[in-house]
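Listing of upload_8.csv, CSV, C-alpha atoms (C1' of nucleotides)
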```csv
chain,number,residue,atom,x,y,z
A,1,MET,CA,-32.8,25.2,-4.5
A,2,LYS,CA,-36.2,23.7,-4.2
A,3,SER,CA,-36.3,21.4,-1.3
A,4,GLY,CA,-36.8,17.8,-2.3
A,5,GLU,CA,-34.9,18.4,-5.5
A,6,ALA,CA,-31.4,17.6,-6.6
A,7,MET,CA,-28.5,18.8,-4.5
A,8,THR,CA,-24.8,18.9,-5.3
A,9,ILE,CA,-22.4,17.0,-3.2
A,10,GLY,CA,-21.5,20.1,-1.2
A,11,GLN,CA,-25.1,20.9,-0.4
A,12,ALA,CA,-25.7,17.3,0.6
A,13,SER,CA,-22.6,17.4,2.7
A,14,ALA,CA,-23.9,20.5,4.5
A,15,ARG,CA,-27.3,19.0,5.2
A,16,SER,CA,-25.9,15.6,6.3
A,17,GLY,CA,-22.7,16.4,8.1
A,18,VAL,CA,-20.7,14.0,6.0
A,19,PRO,CA,-17.8,15.6,4.2
A,20,PRO,CA,-17.8,15.4,0.3
A,21,LYS,CA,-14.6,13.4,0.3
A,22,THR,CA,-16.1,10.9,2.7
A,23,MET,CA,-19.2,10.7,0.6
A,24,ARG,CA,-17.2,9.8,-2.5
A,25,PHE,CA,-15.2,7.4,-0.4
A,26,TYR,CA,-18.4,5.6,0.8
A,27,GLU,CA,-19.6,5.4,-2.8
A,28,HIS,CA,-16.3,3.9,-3.9
A,29,LEU,CA,-16.5,1.3,-1.1
A,30,GLY,CA,-20.1,0.4,-2.1
A,31,LEU,CA,-21.6,1.5,1.1
A,32,LEU,CA,-23.6,4.1,-0.9
A,33,LYS,CA,-25.0,3.3,-4.3
A,34,PRO,CA,-23.5,5.3,-7.1
A,35,ALA,CA,-25.0,8.7,-7.1
A,36,ALA,CA,-27.1,10.0,-10.0
A,37,ARG,CA,-25.2,12.4,-12.3
A,38,LEU,CA,-26.2,15.7,-13.9
A,39,ALA,CA,-25.2,16.6,-17.4
A,40,ASN,CA,-22.0,18.1,-16.2
A,41,ARG,CA,-21.1,14.9,-14.4
A,42,TYR,CA,-21.7,16.4,-11.0
A,43,ARG,CA,-23.2,14.0,-8.4
A,44,ALA,CA,-26.9,14.7,-7.6
A,45,TYR,CA,-28.5,13.9,-4.3
A,46,ASP,CA,-32.1,14.0,-3.0
A,47,GLU,CA,-33.8,13.8,0.4
A,48,SER,CA,-33.6,10.0,0.7
A,49,ASN,CA,-29.8,10.2,0.2
A,50,ILE,CA,-29.6,12.8,3.0
A,51,GLN,CA,-31.5,10.4,5.2
A,52,THR,CA,-29.1,7.6,4.5
A,53,LEU,CA,-26.1,9.9,5.0
A,54,ARG,CA,-27.4,11.0,8.4
A,55,PHE,CA,-28.0,7.4,9.4
A,56,ILE,CA,-24.4,6.6,8.6
A,57,ARG,CA,-23.2,9.6,10.4
A,58,ARG,CA,-25.1,8.8,13.6
A,59,ALA,CA,-24.0,5.2,13.4
A,60,ARG,CA,-20.4,6.3,13.0
A,61,ASP,CA,-20.8,8.6,16.0
A,62,LEU,CA,-22.0,5.5,17.9
A,63,GLY,CA,-18.8,3.8,16.9
A,64,PHE,CA,-20.1,1.2,14.5
A,65,THR,CA,-17.7,0.1,11.8
A,66,LEU,CA,-18.6,0.6,8.1
A,67,GLN,CA,-19.2,-3.1,7.8
A,68,GLU,CA,-21.7,-3.0,10.7
A,69,ILE,CA,-23.3,0.1,9.2
A,70,ASP,CA,-23.7,-1.8,5.9
A,71,LYS,CA,-25.6,-4.5,7.7
A,72,LEU,CA,-27.7,-1.9,9.7
A,73,LEU,CA,-28.6,-0.1,6.5
A,74,GLY,CA,-29.8,-3.4,5.0
A,75,LEU,CA,-31.9,-3.9,8.1
A,76,TYR,CA,-33.1,-0.3,8.0
A,77,ARG,CA,-34.2,-0.6,4.4
A,78,ASN,CA,-36.0,-3.8,4.9
A,79,ARG,CA,-38.1,-3.3,7.9
A,80,ARG,CA,-39.8,-6.7,7.7
A,81,ARG,CA,-36.6,-8.2,9.0
A,82,ALA,CA,-36.6,-8.8,12.7
A,83,SER,CA,-35.4,-6.3,15.2
A,84,GLU,CA,-33.6,-9.3,16.7
A,85,GLU,CA,-30.7,-8.9,14.4
A,86,VAL,CA,-30.4,-5.2,15.1
A,87,LYS,CA,-30.4,-5.7,18.8
A,88,ARG,CA,-27.8,-8.5,18.5
A,89,LEU,CA,-25.5,-6.2,16.5
A,90,ALA,CA,-25.9,-3.4,19.0
A,91,LEU,CA,-25.2,-5.6,22.0
A,92,ALA,CA,-22.2,-7.1,20.4
A,93,HIS,CA,-20.9,-3.6,19.9
A,94,VAL,CA,-21.6,-2.8,23.6
A,95,VAL,CA,-19.4,-5.8,24.6
A,96,GLU,CA,-16.6,-4.5,22.5
A,97,LEU,CA,-17.0,-1.1,24.1
A,98,ASP,CA,-16.9,-2.6,27.6
A,99,HIS,CA,-13.6,-4.4,26.8
A,100,LYS,CA,-12.1,-1.2,25.4
A,101,ILE,CA,-13.2,0.9,28.3
A,102,ALA,CA,-11.9,-1.6,30.8
A,103,GLU,CA,-8.5,-1.7,29.1
A,104,LEU,CA,-8.2,2.1,28.8
A,105,THR,CA,-9.2,2.5,32.4
A,106,ARG,CA,-6.6,0.0,33.6
A,107,ILE,CA,-3.9,1.9,31.6
A,108,ARG,CA,-5.2,5.3,32.9
A,109,ASP,CA,-5.0,4.1,36.5
A,110,THR,CA,-1.5,2.7,36.0
A,111,LEU,CA,-0.3,5.9,34.5
A,112,THR,CA,-1.9,8.1,37.1
A,113,ASP,CA,-0.3,6.1,39.8
A,114,LEU,CA,3.1,6.3,38.2
A,115,ALA,CA,2.8,10.1,37.7
A,116,ARG,CA,1.6,10.6,41.2
A,117,ARG,CA,4.8,8.9,42.4
A,118,CYS,CA,7.0,11.0,40.1
A,119,ARG,CA,8.1,14.2,41.7
A,120,GLY,CA,8.3,15.9,38.4
A,121,ASP,CA,11.1,18.2,39.4
A,122,GLN,CA,14.7,18.7,38.1
A,123,ARG,CA,15.9,15.4,39.6
A,124,PRO,CA,16.5,12.5,37.2
A,125,ASP,CA,14.8,9.7,39.0
A,126,CYS,CA,11.3,8.9,37.8
A,127,PRO,CA,9.1,5.9,38.5
A,128,ILE,CA,7.6,6.2,35.0
A,129,LEU,CA,10.9,5.5,33.3
A,130,GLU,CA,11.7,2.9,35.9
A,131,GLU,CA,8.5,1.1,35.2
A,132,LEU,CA,9.0,1.1,31.5
A,133,GLU,CA,12.5,-0.4,31.8
A,134,ARG,CA,11.2,-3.3,33.9
A,135,SER,CA,11.6,-7.0,32.9
A,136,PRO,CA,9.1,-8.5,30.5
A,137,SER,CA,5.5,-8.0,31.5
T,138,MET,CA,24.5,-18.4,22.8
T,139,LYS,CA,26.6,-16.6,25.3
T,140,SER,CA,24.5,-14.1,27.2
T,141,GLY,CA,25.5,-10.6,26.5
T,142,GLU,CA,26.6,-11.4,23.0
T,143,ALA,CA,25.0,-10.9,19.6
T,144,MET,CA,21.5,-12.3,18.9
T,145,THR,CA,19.6,-12.6,15.7
T,146,ILE,CA,16.3,-10.7,15.2
T,147,GLY,CA,14.3,-13.8,16.1
T,148,GLN,CA,16.1,-14.3,19.4
T,149,ALA,CA,15.8,-10.6,20.3
T,150,SER,CA,12.1,-10.9,19.4
T,151,ALA,CA,11.7,-13.8,21.8
T,152,ARG,CA,13.4,-12.0,24.6
T,153,SER,CA,11.7,-8.6,24.1
T,154,GLY,CA,8.2,-9.7,23.0
T,155,VAL,CA,8.4,-7.4,19.9
T,156,PRO,CA,7.8,-9.3,16.6
T,157,PRO,CA,10.6,-9.3,14.1
T,158,LYS,CA,8.4,-7.5,11.5
T,159,THR,CA,7.7,-4.8,14.1
T,160,MET,CA,11.4,-4.5,14.9
T,161,ARG,CA,12.2,-3.9,11.2
T,162,PHE,CA,9.3,-1.5,11.0
T,163,TYR,CA,10.6,0.5,14.0
T,164,GLU,CA,14.0,0.7,12.5
T,165,HIS,CA,12.6,1.8,9.3
T,166,LEU,CA,10.7,4.6,11.1
T,167,GLY,CA,13.9,5.7,12.9
T,168,LEU,CA,12.5,4.8,16.3
T,169,LEU,CA,15.3,2.3,16.6
T,170,LYS,CA,18.8,3.0,15.3
T,171,PRO,CA,19.9,0.8,12.4
T,172,ALA,CA,20.9,-2.5,13.9
T,173,ALA,CA,24.5,-3.8,13.5
T,174,ARG,CA,24.9,-6.4,10.8
T,175,LEU,CA,26.8,-9.7,10.7
T,176,ALA,CA,28.8,-10.8,7.7
T,177,ASN,CA,25.7,-12.5,6.3
T,178,ARG,CA,23.7,-9.2,6.6
T,179,TYR,CA,21.6,-10.5,9.4
T,180,ARG,CA,20.7,-7.9,12.0
T,181,ALA,CA,22.6,-8.4,15.4
T,182,TYR,CA,21.2,-7.3,18.7
T,183,ASP,CA,22.7,-7.1,22.2
T,184,GLU,CA,21.3,-6.7,25.7
T,185,SER,CA,21.0,-2.9,25.5
T,186,ASN,CA,18.8,-3.4,22.4
T,187,ILE,CA,16.6,-5.8,24.4
T,188,GLN,CA,16.2,-3.2,27.1
T,189,THR,CA,15.1,-0.6,24.6
T,190,LEU,CA,12.7,-3.0,22.9
T,191,ARG,CA,11.1,-3.9,26.2
T,192,PHE,CA,10.8,-0.3,27.1
T,193,ILE,CA,9.0,0.3,23.8
T,194,ARG,CA,6.7,-2.6,24.3
T,195,ARG,CA,5.7,-1.5,27.8
T,196,ALA,CA,5.1,2.0,26.6
T,197,ARG,CA,2.9,0.6,23.7
T,198,ASP,CA,1.0,-1.5,26.3
T,199,LEU,CA,0.3,1.8,28.2
T,200,GLY,CA,-1.0,3.3,25.0
T,201,PHE,CA,1.7,5.7,24.2
T,202,THR,CA,2.1,6.5,20.5
T,203,LEU,CA,5.4,5.9,18.7
T,204,GLN,CA,6.0,9.7,18.7
T,205,GLU,CA,5.6,9.8,22.4
T,206,ILE,CA,7.8,6.8,22.9
T,207,ASP,CA,10.4,8.4,20.8
T,208,LYS,CA,10.4,11.3,23.3
T,209,LEU,CA,10.3,9.0,26.3
T,210,LEU,CA,13.3,7.1,24.9
T,211,GLY,CA,15.2,10.3,24.6
T,212,LEU,CA,14.4,11.2,28.2
T,213,TYR,CA,15.3,7.6,29.3
T,214,ARG,CA,18.7,7.7,27.6
T,215,ASN,CA,19.5,11.1,29.1
T,216,ARG,CA,18.7,10.7,32.8
T,217,ARG,CA,20.1,14.2,33.6
T,218,ARG,CA,17.0,15.6,32.0
T,219,ALA,CA,14.3,16.5,34.5
T,220,SER,CA,11.6,14.0,35.4
T,221,GLU,CA,9.3,17.0,34.9
T,222,GLU,CA,9.0,16.4,31.2
T,223,VAL,CA,8.3,12.7,31.6
T,224,LYS,CA,5.6,13.4,34.1
T,225,ARG,CA,4.1,16.1,31.8
T,226,LEU,CA,4.0,13.5,28.9
T,227,ALA,CA,2.4,10.9,31.1
T,228,LEU,CA,-0.3,13.3,32.5
T,229,ALA,CA,-1.1,14.6,29.0
T,230,HIS,CA,-1.6,11.0,28.0
T,231,VAL,CA,-3.9,10.4,31.0
T,232,VAL,CA,-6.0,13.4,29.9
T,233,GLU,CA,-6.4,11.9,26.4
T,234,LEU,CA,-7.4,8.6,28.0
T,235,ASP,CA,-10.0,10.3,30.1
T,236,HIS,CA,-11.6,11.9,27.1
T,237,LYS,CA,-11.6,8.6,25.2
T,238,ILE,CA,-13.0,6.7,28.1
T,239,ALA,CA,-15.7,9.3,28.6
T,240,GLU,CA,-16.7,9.2,25.0
T,241,LEU,CA,-16.8,5.4,24.8
T,242,THR,CA,-18.8,5.3,28.0
T,243,ARG,CA,-21.3,7.8,26.6
T,244,ILE,CA,-21.7,5.7,23.5
T,245,ARG,CA,-22.0,2.5,25.5
T,246,ASP,CA,-24.7,3.9,27.7
T,247,THR,CA,-26.7,5.2,24.7
T,248,LEU,CA,-26.5,1.9,22.9
T,249,THR,CA,-27.3,-0.1,26.0
T,250,ASP,CA,-30.4,2.0,26.5
T,251,LEU,CA,-31.5,1.7,22.9
T,252,ALA,CA,-31.0,-2.1,23.0
T,253,ARG,CA,-32.9,-2.3,26.3
T,254,ARG,CA,-35.9,-0.6,24.7
T,255,CYS,CA,-35.7,-2.9,21.6
T,256,ARG,CA,-37.8,-6.0,22.1
T,257,GLY,CA,-35.5,-7.9,19.8
T,258,ASP,CA,-38.2,-10.2,18.5
T,259,GLN,CA,-39.7,-10.8,15.1
T,260,ARG,CA,-41.5,-7.4,14.9
T,261,PRO,CA,-40.0,-4.7,12.7
T,262,ASP,CA,-40.1,-1.7,15.0
T,263,CYS,CA,-36.8,-1.0,16.7
T,264,PRO,CA,-35.7,2.1,18.7
T,265,ILE,CA,-32.1,1.6,17.5
T,266,LEU,CA,-33.0,2.1,13.9
T,267,GLU,CA,-35.4,4.9,14.8
T,268,GLU,CA,-32.6,6.7,16.6
T,269,LEU,CA,-30.2,6.3,13.7
T,270,GLU,CA,-32.7,7.8,11.3
T,271,ARG,CA,-33.3,10.9,13.5
T,272,SER,CA,-32.7,14.5,12.4
T,273,PRO,CA,-29.2,15.8,12.6
T,274,SER,CA,-27.4,15.4,15.9
U,275,DG,C1',-16.2,38.8,-23.0
U,276,DC,C1',-13.0,37.8,-19.4
U,277,DT,C1',-11.4,36.9,-15.1
U,278,DT,C1',-11.8,35.3,-10.5
U,279,DG,C1',-13.0,32.2,-7.2
U,280,DA,C1',-15.8,28.6,-5.6
U,281,DC,C1',-17.2,24.3,-6.6
U,282,DC,C1',-16.9,19.9,-8.9
U,283,DT,C1',-14.3,15.8,-11.1
U,284,DT,C1',-10.6,11.9,-10.9
U,285,DC,C1',-6.6,9.8,-9.1
U,286,DC,C1',-2.5,9.2,-6.1
U,287,DA,C1',-0.4,9.2,-1.6
U,288,DG,C1',-0.2,9.2,3.3
U,289,DT,C1',-1.9,8.6,8.1
U,290,DG,C1',-0.8,4.7,12.5
U,291,DG,C1',0.8,0.5,13.6
U,292,DG,C1',1.6,-3.0,12.0
U,293,DG,C1',0.4,-8.2,9.3
U,294,DG,C1',0.7,-11.3,5.2
U,295,DG,C1',3.1,-13.2,1.8
U,296,DA,C1',6.5,-13.4,-2.4
U,297,DG,C1',11.0,-14.4,-3.9
U,298,DG,C1',15.5,-15.2,-2.6
U,299,DC,C1',19.8,-16.1,0.8
U,300,DT,C1',21.9,-18.6,4.7
U,301,DC,C1',22.4,-21.7,8.3
U,302,DT,C1',21.8,-26.1,10.7
U,303,DA,C1',20.7,-30.9,11.2
U,304,DT,C1',20.4,-35.1,9.2
O,305,DA,C1',23.0,-33.5,-0.2
O,306,DT,C1',18.9,-31.8,1.1
O,307,DA,C1',15.1,-30.2,4.0
O,308,DG,C1',13.4,-26.8,6.7
O,309,DA,C1',13.8,-23.0,9.5
O,310,DG,C1',15.1,-18.4,9.8
O,311,DC,C1',16.8,-14.3,7.7
O,312,DC,C1',16.7,-10.6,3.9
O,313,DT,C1',14.0,-6.9,1.1
O,314,DC,C1',9.9,-5.5,-1.1
O,315,DC,C1',5.2,-4.6,-1.8
O,316,DC,C1',0.3,-4.9,-0.7
O,317,DC,C1',-3.5,-5.0,2.7
O,318,DC,C1',-6.2,-3.4,6.9
O,319,DC,C1',-9.5,1.0,8.7
O,320,DA,C1',-11.6,5.3,7.7
O,321,DC,C1',-10.4,8.8,6.0
O,322,DT,C1',-7.7,13.3,4.6
O,323,DG,C1',-4.8,16.2,1.6
O,324,DG,C1',-3.4,17.5,-2.6
O,325,DA,C1',-2.6,17.7,-7.7
O,326,DA,C1',-4.5,18.6,-12.2
O,327,DG,C1',-8.3,19.8,-14.6
O,328,DG,C1',-13.5,20.8,-15.8
O,329,DT,C1',-17.7,24.0,-14.7
O,330,DC,C1',-20.4,27.7,-13.1
O,331,DA,C1',-22.1,32.3,-11.3
O,332,DA,C1',-20.8,37.0,-10.3
O,333,DG,C1',-18.5,41.2,-11.2
O,334,DC,C1',-16.1,44.5,-14.3
```

Structure encoded using structure tokens:
Amino acid sequence: MKSGEAMTIGQASARSGVPPKTMRFYEHLGLLKPAARLANRYRAYDESNIQTLRFIRRARDLGFTLQEIDKLLGLYRNRRRASEEVKRLALAHVVELDHKIAELTRIRDTLTDLARRCRGDQRPDCPILEELERSPS
Amino acid sequence: MKSGEAMTIGQASARSGVPPKTMRFYEHLGLLKPAARLANRYRAYDESNIQTLRFIRRARDLGFTLQEIDKLLGLYRNRRRASEEVKRLALAHVVELDHKIAELTRIRDTLTDLARRCRGDQRPDCPILEELERSPS
DNA sequence: GCTTGACCTTCCAGTGGGGGGAGGCTCTAT
DNA sequence: ATAGAGCCTCCCCCCACTGGAAGGTCAAGC
């Protein structure tokens, strides 16, 4: 394949790291514009599509939702828009992450403590089960 | 209502903190045994059901999946079984939580750094977008 | 020329853990 | 007698995919 020319969905997948099924799914959702088609109805992708797919993949890796990514793509494609909006989106995401991390850490510490107090032998008594059966939290 | 006697799903929900829809859903999944029915086909619950529902709710709060809770309920109902298994389940869950927390923290730090380096003003350049468009990760 | 196997197409169903709401009974209070 | 709350079942929706069925297409090997 000449670089810069049309790729099939499988080749685009290999170069972007986004599975073919996921690419079709994104297109169905409207996150990606409908791909061009060859005479045999196969989807055809070029370098700019790869760039977009990589952008989406990176953003997914950073935990952005598809809605957020849709906005980020809009901002990415229209660079005249202020970076203010991008920063706001990223910081809002950080706040959510902080909440999630705090919650998971609290749970982790509770469980670790319960497990530490559980002998984990053949005897039936276990603080973990005792905690779970407690009155309403 | 006499305590210790039959409750409707709404009353059981109020006493356990599990929404009626969720109770039906759990029954449908087989996590709860099919509830007894009154002559009018309403589900009927007693104190032992409340205990089970509270157990499930606490375990959900601690982030256990419904599959894990199913196992925990089995261990809870059969106290002769060793606490070893309970402890193993809890510690496995802690390991998963640690992975999740580490991943979220890594993402959080990356985003915080990118946002810090983004001026967030009217100018179009933004390290966040630049990062997202980078070559494959 | 024919088969094999990889790749592509569409569409349907399921995941986890529920929530919303329709359409229809039943019970309680007035 | 009637209003309204609560119960019943059923199906659809959320997110972000993933798997699979059923069928079209293409390149290589015999």

Give me the residues of chain A that have any atom at most 12 Å from an atom of chain O; for each, the nearest atom pair and the distance in Å, rounded to one decimal. Use all atoms listed in the file, sort by chain and number, and format it as JSON lines.
```
{"residue": "A:Val18", "atom": "CA", "partner": "O:DC321", "partner_atom": "C1'", "distance": 11.5}
{"residue": "A:Pro19", "atom": "CA", "partner": "O:DC321", "partner_atom": "C1'", "distance": 10.2}
{"residue": "A:Pro20", "atom": "CA", "partner": "O:DT322", "partner_atom": "C1'", "distance": 11.2}
{"residue": "A:Lys21", "atom": "CA", "partner": "O:DT322", "partner_atom": "C1'", "distance": 8.1}
{"residue": "A:Thr22", "atom": "CA", "partner": "O:DC321", "partner_atom": "C1'", "distance": 6.9}
{"residue": "A:Met23", "atom": "CA", "partner": "O:DC321", "partner_atom": "C1'", "distance": 10.5}
{"residue": "A:Arg24", "atom": "CA", "partner": "O:DC321", "partner_atom": "C1'", "distance": 10.9}
{"residue": "A:Phe25", "atom": "CA", "partner": "O:DC321", "partner_atom": "C1'", "distance": 8.1}
{"residue": "A:Tyr26", "atom": "CA", "partner": "O:DA320", "partner_atom": "C1'", "distance": 9.7}
{"residue": "A:Leu29", "atom": "CA", "partner": "O:DA320", "partner_atom": "C1'", "distance": 10.8}
{"residue": "A:Leu38", "atom": "CA", "partner": "O:DT329", "partner_atom": "C1'", "distance": 11.9}
{"residue": "A:Ala39", "atom": "CA", "partner": "O:DT329", "partner_atom": "C1'", "distance": 10.9}
{"residue": "A:Asn40", "atom": "CA", "partner": "O:DT329", "partner_atom": "C1'", "distance": 7.5}
{"residue": "A:Arg41", "atom": "CA", "partner": "O:DT329", "partner_atom": "C1'", "distance": 9.7}
{"residue": "A:Tyr42", "atom": "CA", "partner": "O:DT329", "partner_atom": "C1'", "distance": 9.4}
{"residue": "A:Arg60", "atom": "CA", "partner": "O:DA320", "partner_atom": "C1'", "distance": 10.3}
{"residue": "A:Gly63", "atom": "CA", "partner": "O:DA320", "partner_atom": "C1'", "distance": 11.8}
{"residue": "A:Phe64", "atom": "CA", "partner": "O:DA320", "partner_atom": "C1'", "distance": 11.6}
{"residue": "A:Thr65", "atom": "CA", "partner": "O:DC319", "partner_atom": "C1'", "distance": 8.8}
{"residue": "A:Leu66", "atom": "CA", "partner": "O:DA320", "partner_atom": "C1'", "distance": 8.4}
{"residue": "A:Gln67", "atom": "CA", "partner": "O:DC319", "partner_atom": "C1'", "distance": 10.6}
```

Residues of chain A within 7 Å of chain T: nearest atom pair and distance (Å, one decimal) for each, counting all atoms listed in the file, sorted by chain and number, as a tab-separated table?
```
residue	atom	partner	partner_atom	distance
A:Gln51	CA	T:Glu270	CA	6.7
A:Arg54	CA	T:Pro273	CA	6.6
A:Phe55	CA	T:Leu269	CA	5.0
A:Arg58	CA	T:Leu269	CA	5.7
A:Ala59	CA	T:Leu269	CA	6.3
A:Leu62	CA	T:Ile244	CA	5.6
A:Tyr76	CA	T:Leu266	CA	6.4
A:Arg79	CA	T:Pro261	CA	5.3
A:Arg80	CA	T:Pro261	CA	5.4
A:Arg81	CA	T:Pro261	CA	6.1
A:Ala82	CA	T:Gln259	CA	4.4
A:Ser83	CA	T:Gly257	CA	4.9
A:Glu84	CA	T:Gly257	CA	3.9
A:Lys87	CA	T:Ala252	CA	5.6
A:Ala90	CA	T:Leu248	CA	6.6
A:Leu91	CA	T:Ala252	CA	6.8
A:Val94	CA	T:Arg245	CA	5.6
A:Leu97	CA	T:Arg245	CA	6.3
A:Ile101	CA	T:Ile238	CA	5.8
A:Leu104	CA	T:Leu234	CA	6.6
A:Ile107	CA	T:Leu199	CA	5.4
A:Arg108	CA	T:Val231	CA	5.6
A:Leu111	CA	T:Ala227	CA	6.6
A:Thr112	CA	T:Val231	CA	6.8
A:Ala115	CA	T:Lys224	CA	5.6
A:Cys118	CA	T:Lys224	CA	6.6
A:Gly120	CA	T:Glu221	CA	3.8
A:Asp121	CA	T:Glu221	CA	5.0
A:Gln122	CA	T:Ala219	CA	4.2
A:Arg123	CA	T:Ala219	CA	5.5
A:Pro124	CA	T:Arg216	CA	5.2
A:Asp125	CA	T:Ser220	CA	6.5
A:Cys126	CA	T:Ser220	CA	5.6
A:Leu129	CA	T:Tyr213	CA	6.3
A:Leu132	CA	T:Phe192	CA	5.0
A:Glu133	CA	T:Phe192	CA	5.0
A:Pro136	CA	T:Arg191	CA	6.6
```

To one decimal in Å, tell me the separation between CA of Gly30 in chain A and CA of Arg43 in chain A.
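So the two atoms, CA of Gly30 in chain A and CA of Arg43 in chain A, lie 15.3 Å apart.
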
Each chain U residue no farther than 12 Å from chain A, nearest pair in Å, only C-alpha atoms (C1' of nucleotides), as CSV:
```
residue,atom,partner,partner_atom,distance
U:DA280,C1',A:Gly10,CA,11.1
U:DC281,C1',A:Gly10,CA,8.1
U:DC282,C1',A:Tyr42,CA,6.3
U:DT283,C1',A:Tyr42,CA,7.4
U:DT284,C1',A:Arg24,CA,10.9
```

Two-atom distance - CA of Asn186 in chain T, C1' of DG297 in chain U (Å)
29.6 Å

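The two identical-sequence chains, chain T and chain A, differ by a C-alpha RMSD of 0.3 Å after optimal least-squares superposition.
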
Can you tell me which residues surround Ala6 in chain A at a distance of at most 7 Å, considering all atoms listed in the file, apart from same-chain residues fewer than 3 positions away, and format the answer as a PDB file with C-alpha atoms, in the coordinates of the input?
```
ATOM      1  CA  ALA A  44     -26.900  14.700  -7.600  1.00  0.00           C
ATOM      2  CA  TYR A  45     -28.500  13.900  -4.300  1.00  0.00           C
ATOM      3  CA  ASP A  46     -32.100  14.000  -3.000  1.00  0.00           C
TER       4      ASP A  46
END
```

What does the distance from CA of Met144 in chain T to C1' of DT300 in chain U come to in Å, to one decimal?
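For CA of Met144 in chain T relative to C1' of DT300 in chain U, the distance reads 15.5 Å.
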